[in-house]
$ cat start-v6.csv   # CSV, C-alpha atoms
chain,number,residue,atom,x,y,z
K,20,MET,CA,-18.9,8.5,-41.7
K,21,SER,CA,-18.3,8.9,-38.0
K,22,ALA,CA,-16.4,6.4,-35.9
K,23,SER,CA,-18.3,3.7,-34.1
K,24,GLN,CA,-18.0,4.0,-30.3
K,25,VAL,CA,-17.4,0.9,-28.3
K,26,VAL,CA,-18.9,0.7,-24.8
K,27,PRO,CA,-17.3,-2.3,-23.1
K,28,PHE,CA,-19.5,-5.3,-22.7
K,29,THR,CA,-22.6,-3.2,-23.7
K,30,SER,CA,-22.5,-1.9,-27.3
K,31,ALA,CA,-20.5,-1.3,-30.4
K,32,GLY,CA,-21.6,1.5,-32.7
K,33,VAL,CA,-25.4,1.5,-33.0
K,34,PHE,CA,-25.6,-2.2,-31.9
K,35,SER,CA,-26.3,-3.2,-28.3
K,36,PHE,CA,-25.5,-6.7,-27.1
K,37,GLY,CA,-28.7,-8.7,-26.7
K,38,MET,CA,-30.4,-7.2,-29.7
K,39,ASP,CA,-32.0,-9.7,-32.1
K,40,ARG,CA,-31.3,-10.0,-35.8
K,41,SER,CA,-34.4,-8.1,-36.8
K,42,GLU,CA,-33.5,-5.1,-34.6
K,43,CYS,CA,-30.1,-5.0,-36.1
K,44,SER,CA,-31.5,-5.1,-39.6
K,45,ARG,CA,-33.9,-2.2,-38.8
K,46,LEU,CA,-30.9,-0.1,-37.7
K,47,ALA,CA,-28.4,-1.1,-40.4
K,48,GLY,CA,-30.4,-2.6,-43.2
K,49,PRO,CA,-30.2,-6.1,-44.4
K,50,PRO,CA,-26.9,-8.0,-44.3
K,51,ASP,CA,-24.6,-8.3,-47.3
K,52,SER,CA,-24.1,-11.9,-46.5
K,53,THR,CA,-25.0,-14.4,-43.8
K,54,ARG,CA,-23.4,-17.7,-42.6
K,55,TYR,CA,-24.0,-20.3,-39.9
K,56,ASN,CA,-21.0,-21.3,-38.0
K,57,ALA,CA,-21.8,-24.8,-36.6
K,58,GLY,CA,-18.5,-25.1,-34.7
K,59,LEU,CA,-19.2,-21.9,-32.7
K,60,GLU,CA,-23.0,-22.3,-32.7
K,61,LEU,CA,-23.6,-18.8,-34.1
K,62,HIS,CA,-25.1,-16.9,-37.0
K,63,GLU,CA,-22.7,-14.4,-38.7
K,64,GLU,CA,-24.0,-11.4,-40.7
K,65,ARG,CA,-21.7,-9.1,-42.7
K,66,ARG,CA,-22.5,-5.5,-43.5
K,67,ALA,CA,-19.6,-3.8,-45.3
K,68,SER,CA,-16.7,-3.8,-42.8
K,69,ILE,CA,-18.7,-5.0,-39.8
K,70,GLN,CA,-19.6,-8.6,-38.8
K,71,LEU,CA,-22.4,-9.3,-36.3
K,72,ASP,CA,-22.5,-12.6,-34.4
K,73,PHE,CA,-25.7,-13.9,-33.0
K,74,GLY,CA,-26.1,-16.9,-30.6
K,75,GLU,CA,-27.7,-20.0,-32.2
K,76,HIS,CA,-30.1,-20.6,-29.3
K,77,ASP,CA,-31.1,-17.1,-28.1
K,78,GLN,CA,-30.5,-15.3,-31.5
K,79,ALA,CA,-29.1,-12.4,-29.5
K,80,LEU,CA,-26.2,-10.2,-30.7
K,81,ASN,CA,-23.1,-11.2,-28.7
K,82,CYS,CA,-20.1,-10.0,-30.7
K,83,VAL,CA,-19.3,-7.2,-33.2
K,84,TRP,CA,-16.2,-7.4,-35.5
K,85,PHE,CA,-14.9,-4.2,-37.1
K,86,LEU,CA,-12.8,-5.3,-40.1
K,87,GLY,CA,-10.2,-3.6,-42.3
K,88,ASP,CA,-11.0,0.1,-42.8
K,89,ALA,CA,-13.8,0.4,-40.1
K,90,SER,CA,-13.5,3.5,-38.0
K,91,VAL,CA,-13.7,2.7,-34.2
K,92,ARG,CA,-13.2,4.6,-31.0
K,93,LEU,CA,-12.6,3.0,-27.6
K,94,GLU,CA,-12.6,5.4,-24.6
K,95,GLY,CA,-12.2,8.2,-27.2
K,96,LEU,CA,-9.1,6.6,-28.6
K,97,ASN,CA,-8.5,5.0,-32.0
K,98,PRO,CA,-7.3,1.5,-31.4
K,99,PHE,CA,-6.0,1.3,-34.9
K,100,ASP,CA,-3.5,4.1,-34.2
K,101,LYS,CA,-0.3,2.8,-32.7
K,102,ALA,CA,0.1,5.7,-30.2
K,103,ASP,CA,-3.6,5.4,-29.0
K,104,LEU,CA,-3.2,1.6,-28.8
K,105,GLU,CA,-0.1,2.1,-26.6
K,106,THR,CA,-2.2,4.4,-24.4
K,107,LEU,CA,-4.9,1.7,-24.0
K,108,LYS,CA,-2.2,-0.8,-23.1
K,109,GLU,CA,-0.9,1.5,-20.4
K,110,ARG,CA,-4.4,2.1,-19.0
K,111,TYR,CA,-5.1,-1.7,-18.9
K,112,PRO,CA,-2.1,-3.6,-17.6
K,113,ASP,CA,-4.0,-6.9,-17.8
K,114,THR,CA,-3.7,-6.7,-21.6
K,115,ALA,CA,-2.3,-9.9,-23.0
K,116,GLU,CA,-0.9,-10.7,-26.5
K,117,TYR,CA,-1.5,-14.0,-28.2
K,118,GLY,CA,0.1,-14.0,-31.7
K,119,ALA,CA,-1.5,-11.3,-33.7
K,120,TYR,CA,-4.2,-10.8,-31.1
K,121,LEU,CA,-4.1,-8.2,-28.3
K,122,HIS,CA,-6.7,-9.0,-25.6
K,123,PHE,CA,-8.2,-6.3,-23.3
K,124,PRO,CA,-10.1,-8.5,-20.7
K,125,SER,CA,-11.2,-5.4,-18.7
K,126,LEU,CA,-12.9,-4.1,-21.9
K,127,GLY,CA,-14.1,-7.3,-23.6
K,128,VAL,CA,-12.2,-6.2,-26.7
K,129,ILE,CA,-9.6,-7.9,-28.9
K,130,VAL,CA,-7.5,-5.8,-31.4
K,131,ALA,CA,-5.6,-7.7,-34.1
K,132,GLY,CA,-3.2,-7.0,-36.9
K,133,MET,CA,-1.5,-4.0,-35.3
K,134,GLY,CA,1.8,-5.8,-34.3
K,135,LYS,CA,4.5,-7.6,-36.1
K,136,LYS,CA,2.2,-10.5,-37.0
K,137,LYS,CA,-0.4,-9.5,-39.6
K,138,LEU,CA,-3.8,-10.8,-40.6
K,139,LYS,CA,-5.3,-11.3,-44.0
K,140,GLU,CA,-8.0,-8.8,-43.1
K,141,GLY,CA,-5.3,-6.2,-42.3
K,142,ARG,CA,-6.6,-5.3,-38.9
K,143,LEU,CA,-9.7,-5.9,-36.8
K,144,LEU,CA,-11.3,-5.1,-33.5
K,145,ILE,CA,-13.7,-7.5,-31.8
K,146,SER,CA,-16.1,-6.2,-29.2
K,147,ALA,CA,-18.0,-8.9,-27.2
K,148,SER,CA,-20.6,-9.3,-24.5
K,149,ARG,CA,-19.2,-10.4,-21.2
K,150,GLU,CA,-20.2,-14.0,-21.8
K,151,ARG,CA,-19.0,-14.2,-25.4
K,152,TYR,CA,-15.7,-12.7,-24.5
K,153,LYS,CA,-15.2,-15.4,-21.8
K,154,PHE,CA,-16.0,-18.0,-24.5
K,155,LEU,CA,-13.6,-16.5,-27.0
K,156,ARG,CA,-10.8,-16.6,-24.5
K,157,TRP,CA,-11.6,-20.1,-23.4
K,158,MET,CA,-11.9,-21.5,-27.0
K,159,GLY,CA,-8.6,-19.8,-28.0
K,160,LYS,CA,-10.6,-18.6,-31.0
K,161,VAL,CA,-8.6,-15.5,-31.2
$ encode --input "start-v6.csv" --output "structure tokens"
Amino acid sequence: MSASQVVPFTSAGVFSFGMDRSECSRLAGPPDSTRYNAGLELHEERRASIQLDFGEHDQALNCVWFLGDASVRLEGLNPFDKADLETLKERYPDTAEYGAYLHFPSLGVIVAGMGKKKLKEGRLLISASRERYKFLRWMGKV
């Protein structure tokens, strides 16, 4: 399986932000599980090591989570490789670390589980639309 390419604030893998749930299902098949998160007002769909988040009101894709062993590329680099992650941090000096989470505001991306503090998922990369990224930062969700 080839790596999913992340295009900041635009797309993650085959998924473009703004797609509806039926479009995502046509591309990737039905979800393995679904859940409604009332606190964040979104619908979550899991497909293997990927989670898709859809807004409650517009039903549009606004966030893609790559979990565990997912293969991801950001600007041609593997953010789950320590050397590549350091390169990304050098390119984007506005990067900020909050516990286990490394925020790349210029890219709308959050990488977690790669530092000293670990996650139960092992590692993850969150790619979000511009509006969703602002909300995640504001909520302190990650």
$ closest_residue --input "start-v6.csv" --among "K:Gln78, K:Arg142, K:Glu60, K:Pro124" --to "Phe99 of chain K" --atoms "only C-alpha atoms"
K:Arg142
$ residues_near_point --input "start-v6.csv" --point "(-18.9, 8.1, -25.2)" --cutoff "9 Å" --atoms "all atoms listed in the file" --output "PyMOL selection string"
chain K and resi 24-26+92-95
$ write_last_selection --input "start-v6.csv" --atoms "C-alpha atoms" --output "PDB file, keeping the file's coordinate frame"
ATOM      1  CA  GLN K  24     -18.000   4.000 -30.300  1.00  0.00           C
ATOM      2  CA  VAL K  25     -17.400   0.900 -28.300  1.00  0.00           C
ATOM      3  CA  VAL K  26     -18.900   0.700 -24.800  1.00  0.00           C
ATOM      4  CA  ARG K  92     -13.200   4.600 -31.000  1.00  0.00           C
ATOM      5  CA  LEU K  93     -12.600   3.000 -27.600  1.00  0.00           C
ATOM      6  CA  GLU K  94     -12.600   5.400 -24.600  1.00  0.00           C
ATOM      7  CA  GLY K  95     -12.200   8.200 -27.200  1.00  0.00           C
TER       8      GLY K  95
END
$ residues_around --input "start-v6.csv" --residues "Leu126 of chain K" --least-positions-apart "2" --cutoff "9 Å" --atoms "only C-alpha atoms" --output "MDAnalysis selection string"
chainID K and resid 26:28 111 122:124 128:129 146:147 149
$ atom_distance --input "start-v6.csv" --atom1 "atom CA of Leu86 of chain K" --atom2 "atom CA of Tyr152 of chain K"
17.5 Å
$ residues_around --input "start-v6.csv" --residues "Pro98 of chain K" --least-positions-apart "3" --cutoff "9 Å" --atoms "all atoms listed in the file" --output "number ranges by chain"
K: 91-93, 101-105, 107, 130, 133, 144
$ atom_distance --input "start-v6.csv" --atom1 "atom CA of Pro49 of chain K" --atom2 "atom CA of Phe34 of chain K"
13.9 Å
$ atom_distance --input "start-v6.csv" --atom1 "atom CA of Ser21 of chain K" --atom2 "atom CA of Ala89 of chain K"
9.8 Å
$ residues_around --input "start-v6.csv" --residues "Ile69 of chain K" --least-positions-apart "3" --cutoff "8 Å" --atoms "all atoms listed in the file" --output "list in words"
Arg65, Arg66, Val83, Trp84, Phe85, Leu86 and Ala89 of chain K
$ write_last_selection --input "start-v6.csv" --atoms "C-alpha atoms" --output "JSON list (two decimals), in the frame of the given file"
[["chain", "number", "residue", "atom", "x", "y", "z"],
["K", 65, "ARG", "CA", -21.70, -9.10, -42.70],
["K", 66, "ARG", "CA", -22.50, -5.50, -43.50],
["K", 83, "VAL", "CA", -19.30, -7.20, -33.20],
["K", 84, "TRP", "CA", -16.20, -7.40, -35.50],
["K", 85, "PHE", "CA", -14.90, -4.20, -37.10],
["K", 86, "LEU", "CA", -12.80, -5.30, -40.10],
["K", 89, "ALA", "CA", -13.80, 0.40, -40.10]]
$ residues_around --input "start-v6.csv" --residues "Cys43 of chain K" --least-positions-apart "5" --cutoff "9 Å" --atoms "all atoms listed in the file" --output "list of chain:residue names"
K:Val33, K:Phe34, K:Ser35, K:Met38, K:Gly48, K:Pro49, K:Leu71, K:Leu80
$ write_last_selection --input "start-v6.csv" --atoms "C-alpha atoms" --output "tab-separated table (two decimals), keeping the file's coordinate frame"
chain	number	residue	atom	x	y	z
K	33	VAL	CA	-25.40	1.50	-33.00
K	34	PHE	CA	-25.60	-2.20	-31.90
K	35	SER	CA	-26.30	-3.20	-28.30
K	38	MET	CA	-30.40	-7.20	-29.70
K	48	GLY	CA	-30.40	-2.60	-43.20
K	49	PRO	CA	-30.20	-6.10	-44.40
K	71	LEU	CA	-22.40	-9.30	-36.30
K	80	LEU	CA	-26.20	-10.20	-30.70
$ closest_residue --input "start-v6.csv" --among "K:Ser148, K:Arg110, K:Ala47, K:Asp39" --to "Phe73 of chain K" --atoms "all atoms listed in the file"
K:Asp39
$ closest_residue --input "start-v6.csv" --among "K:Leu59, K:Glu150, K:Glu42, K:Gly132" --to "Gly87 of chain K" --atoms "all atoms listed in the file"
K:Gly132
$ closest_residue --input "start-v6.csv" --among "K:Pro50, K:His76, K:Gly127, K:Tyr117" --to "Thr29 of chain K" --atoms "only C-alpha atoms"
K:Gly127
$ residues_around --input "start-v6.csv" --residues "Ser90 of chain K" --least-positions-apart "2" --cutoff "7 Å" --atoms "only C-alpha atoms" --output "PyMOL selection string"
chain K and resi 22-23+88
$ decode --input "start-v6.csv" --residues "segment 53-77 of chain K" --atoms "N, CA and C atoms" --output "compact mmCIF listing (two decimals), in the first residue's frame"
# COMPACT_ATOMS: atom_id res chain seq x y z
N THR K 53 -18.79 3.52 13.19
CA THR K 53 -19.17 4.92 13.22
C THR K 53 -19.53 5.32 14.65
N ARG K 54 -19.41 6.61 14.92
CA ARG K 54 -19.74 7.10 16.25
C ARG K 54 -20.08 8.58 16.14
N TYR K 55 -21.06 8.99 16.91
CA TYR K 55 -21.39 10.41 16.99
C TYR K 55 -20.76 10.97 18.25
N ASN K 56 -20.00 12.04 18.11
CA ASN K 56 -19.36 12.71 19.23
C ASN K 56 -20.13 14.01 19.51
N ALA K 57 -21.04 13.95 20.47
CA ALA K 57 -21.88 15.11 20.77
C ALA K 57 -21.07 16.30 21.28
N GLY K 58 -20.03 16.04 22.06
CA GLY K 58 -19.23 17.12 22.61
C GLY K 58 -18.55 17.96 21.54
N LEU K 59 -18.11 17.31 20.48
CA LEU K 59 -17.44 18.03 19.39
C LEU K 59 -18.35 18.25 18.19
N GLU K 60 -19.60 17.79 18.30
CA GLU K 60 -20.58 17.95 17.23
C GLU K 60 -20.06 17.42 15.90
N LEU K 61 -19.66 16.15 15.90
CA LEU K 61 -19.20 15.55 14.66
C LEU K 61 -19.49 14.06 14.62
N HIS K 62 -19.48 13.54 13.41
CA HIS K 62 -19.62 12.11 13.17
C HIS K 62 -18.24 11.56 12.83
N GLU K 63 -17.86 10.46 13.47
CA GLU K 63 -16.56 9.84 13.24
C GLU K 63 -16.77 8.50 12.54
N GLU K 64 -15.99 8.25 11.51
CA GLU K 64 -16.01 6.97 10.81
C GLU K 64 -14.61 6.40 10.80
N ARG K 65 -14.49 5.12 11.19
CA ARG K 65 -13.18 4.43 11.18
C ARG K 65 -13.12 3.47 10.01
N ARG K 66 -11.99 3.47 9.34
CA ARG K 66 -11.67 2.52 8.28
C ARG K 66 -10.23 2.08 8.52
N ALA K 67 -10.08 0.87 9.05
CA ALA K 67 -8.75 0.34 9.40
C ALA K 67 -8.01 1.37 10.26
N SER K 68 -6.90 1.92 9.78
CA SER K 68 -6.10 2.85 10.60
C SER K 68 -6.35 4.31 10.26
N ILE K 69 -7.55 4.60 9.72
CA ILE K 69 -7.90 5.98 9.38
C ILE K 69 -9.25 6.32 10.01
N GLN K 70 -9.33 7.51 10.58
CA GLN K 70 -10.61 8.02 11.09
C GLN K 70 -10.95 9.28 10.33
N LEU K 71 -12.20 9.37 9.87
CA LEU K 71 -12.70 10.54 9.18
C LEU K 71 -13.70 11.24 10.09
N ASP K 72 -13.58 12.56 10.21
CA ASP K 72 -14.51 13.36 11.00
C ASP K 72 -15.33 14.24 10.08
N PHE K 73 -16.66 14.22 10.30
CA PHE K 73 -17.60 15.00 9.51
C PHE K 73 -18.37 15.93 10.43
N GLY K 74 -18.55 17.18 10.04
CA GLY K 74 -19.29 18.13 10.84
C GLY K 74 -20.74 17.71 11.00
N GLU K 75 -21.30 17.97 12.16
CA GLU K 75 -22.68 17.59 12.45
C GLU K 75 -23.66 18.30 11.54
N HIS K 76 -23.45 19.58 11.30
CA HIS K 76 -24.44 20.37 10.58
C HIS K 76 -24.27 20.28 9.07
N ASP K 77 -23.04 20.40 8.57
CA ASP K 77 -22.86 20.37 7.12
C ASP K 77 -22.52 18.99 6.58
